[in-house]
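Student: So here's input.txt (compact mmCIF, C-alpha atoms).
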```
# COMPACT_ATOMS: atom_id res chain seq x y z
CA MET V 1 19.80 23.00 85.10
CA THR V 2 19.03 20.95 82.02
CA THR V 3 19.36 17.27 82.38
CA ALA V 4 21.34 15.16 79.89
CA PRO V 5 18.29 13.27 78.48
CA ALA V 6 16.51 16.57 77.82
CA ALA V 7 19.54 17.94 75.97
CA ARG V 8 19.77 14.82 73.82
CA SER V 9 16.05 15.08 72.93
CA ARG V 10 16.48 18.70 71.80
CA THR V 11 19.47 17.88 69.59
CA ARG V 12 17.87 14.85 67.94
CA ALA V 13 17.51 15.30 64.12
CA TYR V 14 14.11 16.06 62.65
CA ARG V 15 12.32 12.99 61.31
CA ALA V 16 9.81 13.56 58.52
CA PRO V 17 6.48 11.76 58.70
CA ALA V 18 5.97 8.63 56.61
CA PRO V 19 4.56 9.33 53.12
CA LEU V 20 0.90 8.77 52.51
CA GLY V 21 -0.08 5.54 50.80
CA GLY V 22 2.04 3.17 52.84
CA ARG V 23 5.63 2.09 52.57
CA GLY V 24 7.64 2.77 49.42
CA GLY V 25 6.16 6.16 48.52
CA PRO V 26 4.34 7.34 45.40
CA VAL V 27 7.38 6.98 43.11
CA ARG V 28 7.80 3.30 43.87
CA GLN V 29 4.05 2.77 43.55
CA ARG V 30 4.03 4.40 40.11
CA THR V 31 6.94 2.20 39.10
CA ARG V 32 5.13 -0.92 40.24
CA THR V 33 1.91 0.20 38.51
CA GLY V 34 3.81 0.89 35.27
CA SER V 35 5.55 -2.49 35.30
CA ARG V 36 2.24 -4.22 36.01
CA ARG V 37 0.62 -2.44 33.08
CA THR V 38 3.55 -3.36 30.86
CA ARG V 39 3.21 -7.02 31.78
CA THR V 40 -0.54 -6.87 31.12
CA ALA V 41 -0.01 -5.24 27.73
CA LEU V 42 2.60 -7.83 26.76
CA ALA V 43 0.25 -10.61 27.82
CA PHE V 44 -2.43 -9.28 25.47
CA LEU V 45 0.10 -8.70 22.66
CA ALA V 46 1.81 -12.07 23.04
CA PRO V 47 -0.57 -14.08 20.77
CA ALA V 48 -0.28 -11.54 17.95
CA LEU V 49 3.49 -11.26 18.38
CA ILE V 50 3.87 -15.04 18.28
CA ILE V 51 1.79 -15.26 15.09
CA LEU V 52 3.84 -12.48 13.47
CA ALA V 53 7.08 -14.14 14.49
CA VAL V 54 6.04 -17.54 13.14
CA PHE V 55 4.29 -16.48 9.93
CA VAL V 56 6.09 -13.22 9.02
CA VAL V 57 9.48 -12.78 10.67
CA TRP V 58 10.68 -16.37 10.41
CA PRO V 59 9.65 -16.79 6.71
CA MET V 60 11.41 -13.51 5.88
CA VAL V 61 14.59 -14.63 7.60
CA SER V 62 14.39 -18.05 5.92
CA ALA V 63 13.82 -16.44 2.51
CA LEU V 64 16.81 -14.16 3.01
CA GLN V 65 19.00 -17.13 3.85
CA MET V 66 17.58 -19.08 0.90
CA SER V 67 18.37 -16.21 -1.48
CA PHE V 68 22.08 -17.01 -1.09
CA THR V 69 21.62 -20.67 -2.04
CA ASP V 70 20.54 -22.69 -5.06
CA ALA V 71 17.57 -24.18 -3.17
CA SER V 72 15.01 -25.97 -5.33
CA GLY V 73 12.89 -27.64 -2.69
CA PHE V 74 14.57 -30.99 -3.31
CA GLY V 75 17.90 -32.20 -2.01
CA GLN V 76 20.51 -30.23 -0.13
CA ALA V 77 20.81 -26.54 -0.99
CA GLU V 78 24.32 -25.25 -1.70
CA TRP V 79 25.62 -21.81 -0.82
CA VAL V 80 26.11 -19.67 -3.96
CA GLY V 81 26.69 -16.27 -2.36
CA LEU V 82 25.61 -13.31 -4.51
CA ASP V 83 25.15 -15.34 -7.71
CA ASN V 84 21.35 -15.05 -7.57
CA TYR V 85 21.51 -11.29 -7.13
CA THR V 86 24.04 -10.98 -9.94
CA ARG V 87 21.76 -12.97 -12.21
CA ILE V 88 18.86 -10.58 -11.50
CA PHE V 89 20.76 -7.70 -13.09
CA THR V 90 22.01 -9.74 -16.06
CA ASP V 91 19.09 -12.02 -16.95
CA PRO V 92 17.21 -10.67 -20.05
CA ASP V 93 13.94 -12.21 -18.83
CA ILE V 94 14.17 -10.21 -15.61
CA ARG V 95 14.96 -7.09 -17.60
CA ASP V 96 11.84 -7.62 -19.71
CA ALA V 97 9.77 -8.22 -16.57
CA VAL V 98 11.04 -4.95 -15.08
CA VAL V 99 10.16 -3.09 -18.28
CA ASN V 100 6.68 -4.62 -18.27
CA THR V 101 6.22 -3.64 -14.62
CA VAL V 102 7.23 -0.05 -15.42
CA VAL V 103 4.79 0.04 -18.34
CA TYR V 104 2.04 -1.31 -16.10
CA ALA V 105 2.82 1.32 -13.46
CA LEU V 106 2.80 4.12 -16.07
CA ILE V 107 -0.67 3.03 -17.20
CA PHE V 108 -2.19 2.20 -13.85
CA THR V 109 -0.86 4.94 -11.56
CA PRO V 110 -1.80 8.16 -13.42
CA THR V 111 -5.08 6.72 -14.69
CA ALA V 112 -6.22 5.59 -11.24
CA VAL V 113 -5.20 8.89 -9.64
CA VAL V 114 -6.86 11.10 -12.27
CA VAL V 115 -10.09 9.09 -12.30
CA ALA V 116 -10.24 9.04 -8.49
CA LEU V 117 -9.62 12.79 -8.23
CA ALA V 118 -12.21 13.62 -10.91
CA LEU V 119 -14.88 11.49 -9.24
CA ALA V 120 -14.00 12.87 -5.80
CA LEU V 121 -14.51 16.42 -7.11
CA LEU V 122 -17.81 15.39 -8.64
CA LEU V 123 -19.12 13.60 -5.57
CA THR V 124 -18.26 16.46 -3.20
CA ASN V 125 -20.45 18.82 -5.21
CA ASP V 126 -23.48 19.71 -3.07
CA ARG V 127 -25.66 20.14 -6.15
CA LEU V 128 -25.25 16.51 -7.22
CA PRO V 129 -28.31 14.41 -6.28
CA PHE V 130 -28.01 10.88 -4.86
CA ARG V 131 -24.39 11.44 -3.85
CA GLY V 132 -24.54 8.74 -1.20
CA LEU V 133 -25.73 6.16 -3.72
CA PHE V 134 -23.01 7.08 -6.20
CA ARG V 135 -20.29 6.99 -3.54
CA THR V 136 -21.33 3.53 -2.39
CA SER V 137 -21.64 2.19 -5.93
CA LEU V 138 -18.23 3.48 -6.99
CA PHE V 139 -16.53 2.16 -3.86
CA LEU V 140 -18.02 -1.34 -4.15
CA PRO V 141 -15.43 -2.69 -6.67
CA PHE V 142 -12.68 -2.14 -4.10
CA ILE V 143 -14.13 -4.72 -1.70
CA ILE V 144 -14.24 -7.37 -4.43
CA SER V 145 -11.31 -9.76 -4.76
CA LEU V 146 -9.07 -8.74 -7.65
CA ALA V 147 -8.97 -12.33 -8.90
CA VAL V 148 -12.77 -12.46 -8.99
CA ALA V 149 -12.93 -9.10 -10.77
CA ALA V 150 -10.34 -10.28 -13.29
CA LEU V 151 -12.33 -13.44 -14.00
CA ALA V 152 -15.50 -11.41 -14.56
CA TRP V 153 -13.72 -8.99 -16.89
CA SER V 154 -12.20 -11.90 -18.81
CA TYR V 155 -15.72 -12.98 -19.74
CA LEU V 156 -16.86 -9.42 -20.43
CA ILE V 157 -14.12 -8.79 -23.01
CA ASP V 158 -14.16 -12.30 -24.47
CA PRO V 159 -14.53 -11.92 -28.27
CA GLN V 160 -17.06 -14.78 -28.46
CA VAL V 161 -19.40 -14.32 -25.50
CA GLY V 162 -18.39 -10.99 -23.97
CA LEU V 163 -21.08 -8.34 -23.50
CA LEU V 164 -18.55 -5.55 -24.00
CA HIS V 165 -17.66 -6.88 -27.45
CA TYR V 166 -21.36 -7.25 -28.26
CA TRP V 167 -22.05 -3.62 -27.36
CA LEU V 168 -18.98 -2.33 -29.21
CA ARG V 169 -19.92 -4.28 -32.33
CA GLY V 170 -23.25 -2.47 -32.25
CA LEU V 171 -21.26 0.76 -32.53
CA GLY V 172 -19.13 -0.62 -35.37
CA ILE V 173 -16.03 -1.22 -33.19
CA ASP V 174 -14.29 -4.60 -33.19
CA LEU V 175 -11.43 -4.94 -30.71
CA GLY V 176 -10.71 -8.59 -31.44
CA ASN V 177 -9.16 -10.79 -28.78
CA VAL V 178 -7.75 -8.12 -26.47
CA LEU V 179 -6.00 -10.49 -24.08
CA GLN V 180 -4.13 -12.17 -26.93
CA ASP V 181 -3.04 -8.89 -28.50
CA PRO V 182 0.57 -7.99 -27.54
CA THR V 183 -0.31 -4.29 -27.70
CA LEU V 184 -3.65 -4.28 -25.86
CA ALA V 185 -3.08 -6.99 -23.25
CA MET V 186 -1.13 -4.82 -20.79
CA PRO V 187 -3.57 -1.86 -20.95
CA ALA V 188 -6.44 -4.32 -20.46
CA VAL V 189 -5.06 -5.85 -17.25
CA ALA V 190 -4.02 -2.40 -15.97
CA LEU V 191 -7.50 -0.93 -16.55
CA VAL V 192 -9.06 -3.82 -14.63
CA ALA V 193 -6.86 -2.85 -11.68
CA VAL V 194 -7.92 0.79 -12.13
CA TRP V 195 -11.59 -0.24 -12.02
CA LYS V 196 -10.89 -2.29 -8.90
CA ASN V 197 -8.91 0.32 -6.92
CA PHE V 198 -10.02 3.81 -7.93
CA GLY V 199 -12.84 3.78 -5.35
CA PHE V 200 -10.32 3.54 -2.50
CA TYR V 201 -8.26 6.42 -3.87
CA MET V 202 -11.46 8.40 -4.45
CA VAL V 203 -12.38 8.14 -0.76
CA ILE V 204 -8.92 9.42 0.22
CA PHE V 205 -9.30 12.40 -2.12
CA MET V 206 -12.78 13.11 -0.75
CA ALA V 207 -11.36 13.22 2.77
CA GLY V 208 -8.69 15.66 1.59
CA LEU V 209 -11.24 17.86 -0.18
CA GLN V 210 -13.36 18.09 2.96
CA GLU V 211 -10.36 19.53 4.83
CA ILE V 212 -10.11 22.52 2.46
CA PRO V 213 -11.80 25.57 4.04
CA GLY V 214 -14.83 26.70 2.06
CA SER V 215 -13.92 30.33 2.76
CA LEU V 216 -11.03 30.03 0.27
CA TYR V 217 -13.43 29.17 -2.55
CA GLU V 218 -15.84 31.93 -1.53
CA ALA V 219 -13.05 34.50 -1.53
CA ALA V 220 -11.86 33.29 -4.94
CA LYS V 221 -15.38 33.56 -6.36
CA MET V 222 -15.66 37.12 -5.07
CA ASP V 223 -12.39 37.92 -6.84
CA GLY V 224 -13.84 36.57 -10.10
CA ALA V 225 -11.88 33.30 -10.27
CA GLY V 226 -13.46 30.64 -12.46
CA ALA V 227 -13.78 26.93 -11.77
CA TRP V 228 -10.45 26.09 -13.41
CA SER V 229 -8.62 28.86 -11.54
CA ARG V 230 -10.06 27.71 -8.23
CA PHE V 231 -9.03 24.13 -9.00
CA ARG V 232 -5.54 25.15 -10.07
CA HIS V 233 -4.72 27.66 -7.34
CA ILE V 234 -6.68 26.27 -4.38
CA THR V 235 -7.63 22.62 -4.79
CA LEU V 236 -4.40 21.24 -6.22
CA PRO V 237 -2.04 23.01 -3.76
CA MET V 238 -4.21 22.08 -0.77
CA LEU V 239 -4.36 18.46 -1.97
CA SER V 240 -0.61 18.12 -2.52
CA ASN V 241 -0.07 15.86 0.50
CA THR V 242 -3.08 13.71 -0.35
CA THR V 243 -2.01 13.44 -3.99
CA ALA V 244 1.52 12.44 -3.03
CA PHE V 245 0.19 9.76 -0.69
CA VAL V 246 -2.14 8.33 -3.34
CA LEU V 247 0.58 8.39 -6.01
CA ILE V 248 3.09 6.51 -3.88
CA PHE V 249 0.43 4.08 -2.67
CA ALA V 250 -0.61 3.40 -6.27
CA MET V 251 3.01 2.92 -7.40
CA ILE V 252 3.60 0.40 -4.64
CA ALA V 253 0.45 -1.45 -5.71
CA ALA V 254 1.69 -1.39 -9.31
CA LEU V 255 4.98 -3.02 -8.31
CA GLN V 256 3.00 -5.88 -6.74
CA ALA V 257 0.70 -6.54 -9.73
CA PHE V 258 -0.06 -10.24 -9.99
CA ASP V 259 -3.66 -11.38 -9.43
CA GLN V 260 -5.43 -10.13 -12.54
CA ILE V 261 -2.41 -10.84 -14.74
CA TYR V 262 -2.27 -14.44 -13.55
CA VAL V 263 -6.02 -14.91 -14.12
CA MET V 264 -6.40 -13.01 -17.40
CA THR V 265 -3.19 -13.60 -19.34
CA GLY V 266 -0.85 -15.78 -17.30
CA GLY V 267 1.99 -13.44 -18.32
CA GLY V 268 1.26 -13.67 -22.04
CA PRO V 269 0.91 -13.11 -24.86
CA TYR V 270 4.58 -13.77 -25.60
CA GLY V 271 5.55 -12.52 -22.13
CA ASN V 272 4.18 -9.00 -22.72
CA THR V 273 2.39 -8.97 -19.33
CA GLN V 274 5.09 -10.83 -17.40
CA THR V 275 5.73 -8.56 -14.40
CA VAL V 276 8.31 -8.92 -11.64
CA VAL V 277 5.88 -10.68 -9.29
CA MET V 278 4.83 -13.02 -12.11
CA GLU V 279 8.53 -13.78 -12.64
CA ILE V 280 8.90 -14.56 -8.93
CA TYR V 281 5.97 -16.96 -9.17
CA GLU V 282 7.33 -18.60 -12.33
CA SER V 283 10.83 -18.99 -10.89
CA GLY V 284 9.72 -20.30 -7.53
CA PHE V 285 6.79 -22.59 -8.28
CA ARG V 286 7.25 -23.65 -11.89
CA LYS V 287 10.99 -23.63 -12.43
CA LEU V 288 11.66 -24.59 -8.77
CA GLU V 289 14.41 -22.00 -8.48
CA LEU V 290 13.50 -21.06 -4.93
CA GLY V 291 16.82 -19.38 -4.16
CA PHE V 292 16.60 -17.13 -7.21
CA ALA V 293 12.92 -16.34 -6.52
CA SER V 294 13.81 -15.36 -2.94
CA ALA V 295 16.56 -13.04 -4.15
CA LEU V 296 14.18 -11.42 -6.63
CA SER V 297 11.60 -11.01 -3.86
CA TYR V 298 14.11 -9.14 -1.73
CA VAL V 299 15.07 -6.85 -4.59
CA LEU V 300 11.38 -6.03 -5.05
CA LEU V 301 11.10 -5.48 -1.29
CA LEU V 302 13.96 -2.98 -1.42
CA ALA V 303 12.29 -1.13 -4.30
CA THR V 304 9.04 -0.92 -2.32
CA LEU V 305 10.96 0.20 0.75
CA ALA V 306 12.62 2.95 -1.28
CA LEU V 307 9.22 4.30 -2.31
CA SER V 308 8.09 4.20 1.30
CA ILE V 309 11.18 6.14 2.38
CA VAL V 310 10.46 8.75 -0.28
CA GLN V 311 6.96 9.08 1.15
CA PHE V 312 8.23 9.51 4.73
CA VAL V 313 10.83 12.07 3.66
CA PHE V 314 8.30 14.04 1.62
CA PHE V 315 5.72 14.23 4.41
CA GLY V 316 8.41 14.93 6.98
CA ARG V 317 9.61 17.96 5.05
CA ARG V 318 6.07 19.18 4.46
CA GLU V 319 5.36 18.92 8.19
CA GLU V 320 8.51 20.88 9.02
CA GLU V 321 7.57 23.59 6.51
CA SER V 322 4.07 23.87 7.92
```
Spell out the structure here as structure tokens.

Tutor:
Amino acid sequence: MTTAPAARSRTRAYRAPAPLGGRGGPVRQRTRTGSRRTRTALAFLAPALIILAVFVVWPMVSALQMSFTDASGFGQAEWVGLDNYTRIFTDPDIRDAVVNTVVYALIFTPTAVVVALALALLLTNDRLPFRGLFRTSLFLPFIISLAVAALAWSYLIDPQVGLLHYWLRGLGIDLGNVLQDPTLAMPAVALVAVWKNFGFYMVIFMAGLQEIPGSLYEAAKMDGAGAWSRFRHITLPMLSNTTAFVLIFAMIAALQAFDQIYVMTGGGPYGNTQTVVMEIYESGFRKLELGFASALSYVLLLATLALSIVQFVFFGRREEES
């Protein structure tokens, strides 16, 4: 006969052993480890985040608020609503600055891209000697400050003491004072920017060219394709993503043109090199129209953002197609 305690022991529910690793189990331990890592990461990021908040986020918020006022830096600013933004689209000076910026972009962007692509094709040729030296030499202008480069070029093309004018006169060519010529001033400042930046674009193109399989060129040669056919049907299609990236990057840089224009022409002659960023500088620091300058800055920011969105959409579609 089974006793009552024995019956109760047989009917007692099964009790699983405690999980390895102590109390709480592996799930809770992973949660604690993840939260500890998050706190550690935030501790390391905190100095950078504080600097960004103080020197980037807060100035942007303040500038946005200022763009709706008539702030001048003196006295109490009054709220004017959208008047500054309305003025941007009606002011003839702003319209001329936009036209000048477009002209600058039309000169700078295709020239920089074509020169960079041509040099990248040349410097990826295995038969070219001293390729490393040429690559380094052509990239060096990019690491120089644009203001310093503009100052050097101002002396080079000076009609009195410039070496470039001296050499051209030896060939029977007299350009005159380029920076004071309403027709030549904008191409001059744009070409200085091309000289400064094409090395960076060249490196990007070289990276893209190295990703093209050599077997494609070998197959094309076996089929009798010439150099131009290989460039047209292999190189250009395979470089489409790289070319789009460089084009958009160059256009964004063109919208922000300021340094060499400020150093070389100051927006002249007769306002022919007055770009949008130069107009922001003039309005904010010379005319003391800080509210209007802030509004113009945000319009330029939206234009730059639109180009960036175009870039993201383009590459997103290309990635989906591939």

Student: When you look at Leu179 (chain V) with a cut-off of 12 Å (counting only C-alpha atoms), what residues show up, excluding the ones that are within fewer than 3 positions of it in the same chain? I need them as an MDAnalysis selection string.

Tutor: chainID V and resid 150 153:159 175:176 182:190 192 260:273

Student: Find the spatial neighbours of Ser240 (chain V), counting only C-alpha atoms, within a cut-off of 12 Å - ignore same-chain residues fewer than 4 positions away - and output them as a list in words.

Tutor: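 The residues satisfying every condition are Leu117, Phe205, Gly208, Leu209, Ile212, Arg232, His233, Ile234, Thr235, Leu236, Ala244, Phe245, Val246, Leu247, Phe314, Phe315 and Arg318 of chain V.
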
Student: Which residues are near Arg95 (chain V)? Cut-off 12 Å, only C-alpha atoms, ignore same chain within fewer than 4 positions. Put them as a list in words.

Tutor: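 Surrounding residues, per the criterion: Arg87, Ile88, Phe89, Thr90, Asp91, Val99, Asn100, Thr101, Val102, Gly271, Gln274, Thr275, Val276, Glu279 and Leu296 of chain V.
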
Student: Let's have the selection written as a short mmCIF file (atom, residue, chain, number, x, y, z; two decimals), in the frame of the given file, with C-alpha atoms.

Tutor:
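Result file part.cif:
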```
data_model
loop_
_atom_site.label_atom_id
_atom_site.label_comp_id
_atom_site.auth_asym_id
_atom_site.auth_seq_id
_atom_site.Cartn_x
_atom_site.Cartn_y
_atom_site.Cartn_z
CA ARG V 87 21.76 -12.97 -12.21
CA ILE V 88 18.86 -10.58 -11.50
CA PHE V 89 20.76 -7.70 -13.09
CA THR V 90 22.01 -9.74 -16.06
CA ASP V 91 19.09 -12.02 -16.95
CA VAL V 99 10.16 -3.09 -18.28
CA ASN V 100 6.68 -4.62 -18.27
CA THR V 101 6.22 -3.64 -14.62
CA VAL V 102 7.23 -0.05 -15.42
CA GLY V 271 5.55 -12.52 -22.13
CA GLN V 274 5.09 -10.83 -17.40
CA THR V 275 5.73 -8.56 -14.40
CA VAL V 276 8.31 -8.92 -11.64
CA GLU V 279 8.53 -13.78 -12.64
CA LEU V 296 14.18 -11.42 -6.63
#
```

Student: Set the distance at 8 Å and use only C-alpha atoms: which residues neighbour region 254-256 of chain V once local chain neighbours fewer than 3 positions away are removed? I'd like the list as a count of residues only.

Tutor: 11

Student: Looking at all atoms listed in the file, which of V:Gly162, V:Val203, V:Ala147, V:Ala257 is the one that sits closest to Asp174 (chain V)?

Tutor: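 Closest candidate: V:Gly162.
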
Student: Rounded to one decimal in Å, what is the spacing between CA of Gly316 (chain V) and CA of Gly199 (chain V)?

Tutor: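 CA of Gly199 (chain V) lies at a distance of 27.0 Å from CA of Gly316 (chain V).
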
Student: Quick one, how far is CA of Leu302 (chain V) from CA of Ala53 (chain V)?

Tutor: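 Pair CA of Leu302 (chain V) / CA of Ala53 (chain V) returns 20.6 Å.
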
Student: Residues near Arg131 (chain V), anyone? I mean within 12 Å using all atoms listed in the file, not counting same-chain ones fewer than 5 positions away, as a PDB file with C-alpha atoms, in the frame of the given file.

Tutor:
```pdb
ATOM      1  CA  LEU V 119     -14.880  11.490  -9.240  1.00  0.00           C
ATOM      2  CA  ALA V 120     -14.000  12.870  -5.800  1.00  0.00           C
ATOM      3  CA  LEU V 121     -14.510  16.420  -7.110  1.00  0.00           C
ATOM      4  CA  LEU V 122     -17.810  15.390  -8.640  1.00  0.00           C
ATOM      5  CA  LEU V 123     -19.120  13.600  -5.570  1.00  0.00           C
ATOM      6  CA  THR V 124     -18.260  16.460  -3.200  1.00  0.00           C
ATOM      7  CA  ASN V 125     -20.450  18.820  -5.210  1.00  0.00           C
ATOM      8  CA  ASP V 126     -23.480  19.710  -3.070  1.00  0.00           C
ATOM      9  CA  THR V 136     -21.330   3.530  -2.390  1.00  0.00           C
ATOM     10  CA  SER V 137     -21.640   2.190  -5.930  1.00  0.00           C
ATOM     11  CA  LEU V 138     -18.230   3.480  -6.990  1.00  0.00           C
TER      12      LEU V 138
END
```

Student: In Å, how far is it from CA of Glu282 (chain V) to CA of Ile107 (chain V)?

Tutor: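 Atom-to-atom, CA of Glu282 (chain V) to CA of Ile107 (chain V), that is 23.6 Å.
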
Student: Using all atoms listed in the file, which residue out of V:Phe249, V:Phe74, V:Phe68, V:Trp167 lies closest to Val113 (chain V)?

Tutor: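 The shortest atom-to-atom distance to Val113 (chain V) comes from V:Phe249.
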
Student: Nearest residue to Ala253 (chain V) out of V:Ile204, V:Leu49, V:Val61, V:Ala112, using all atoms listed in the file?

Tutor: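 The shortest atom-to-atom distance to Ala253 (chain V) comes from V:Ala112.
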
Student: Return the single residue from V:Ile94, V:Leu82, V:Leu133, V:Ile144 that is closest to Phe200 (chain V), with distances computed using all atoms listed in the file.

Tutor: V:Ile144

Student: List the residues sitting within 10 Å of (10.4, -16.8, -10.2) in the file's frame, using all atoms listed in the file, as an MDAnalysis selection string.

Tutor: chainID V and resid 94 276:297

Student: From the list V:Ala77, V:Leu45, V:Met202, V:Leu164, which residue is nearest Ala152 (chain V) when using only C-alpha atoms?

Tutor: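 Closest to Ala152 (chain V), using only C-alpha atoms: V:Leu164.
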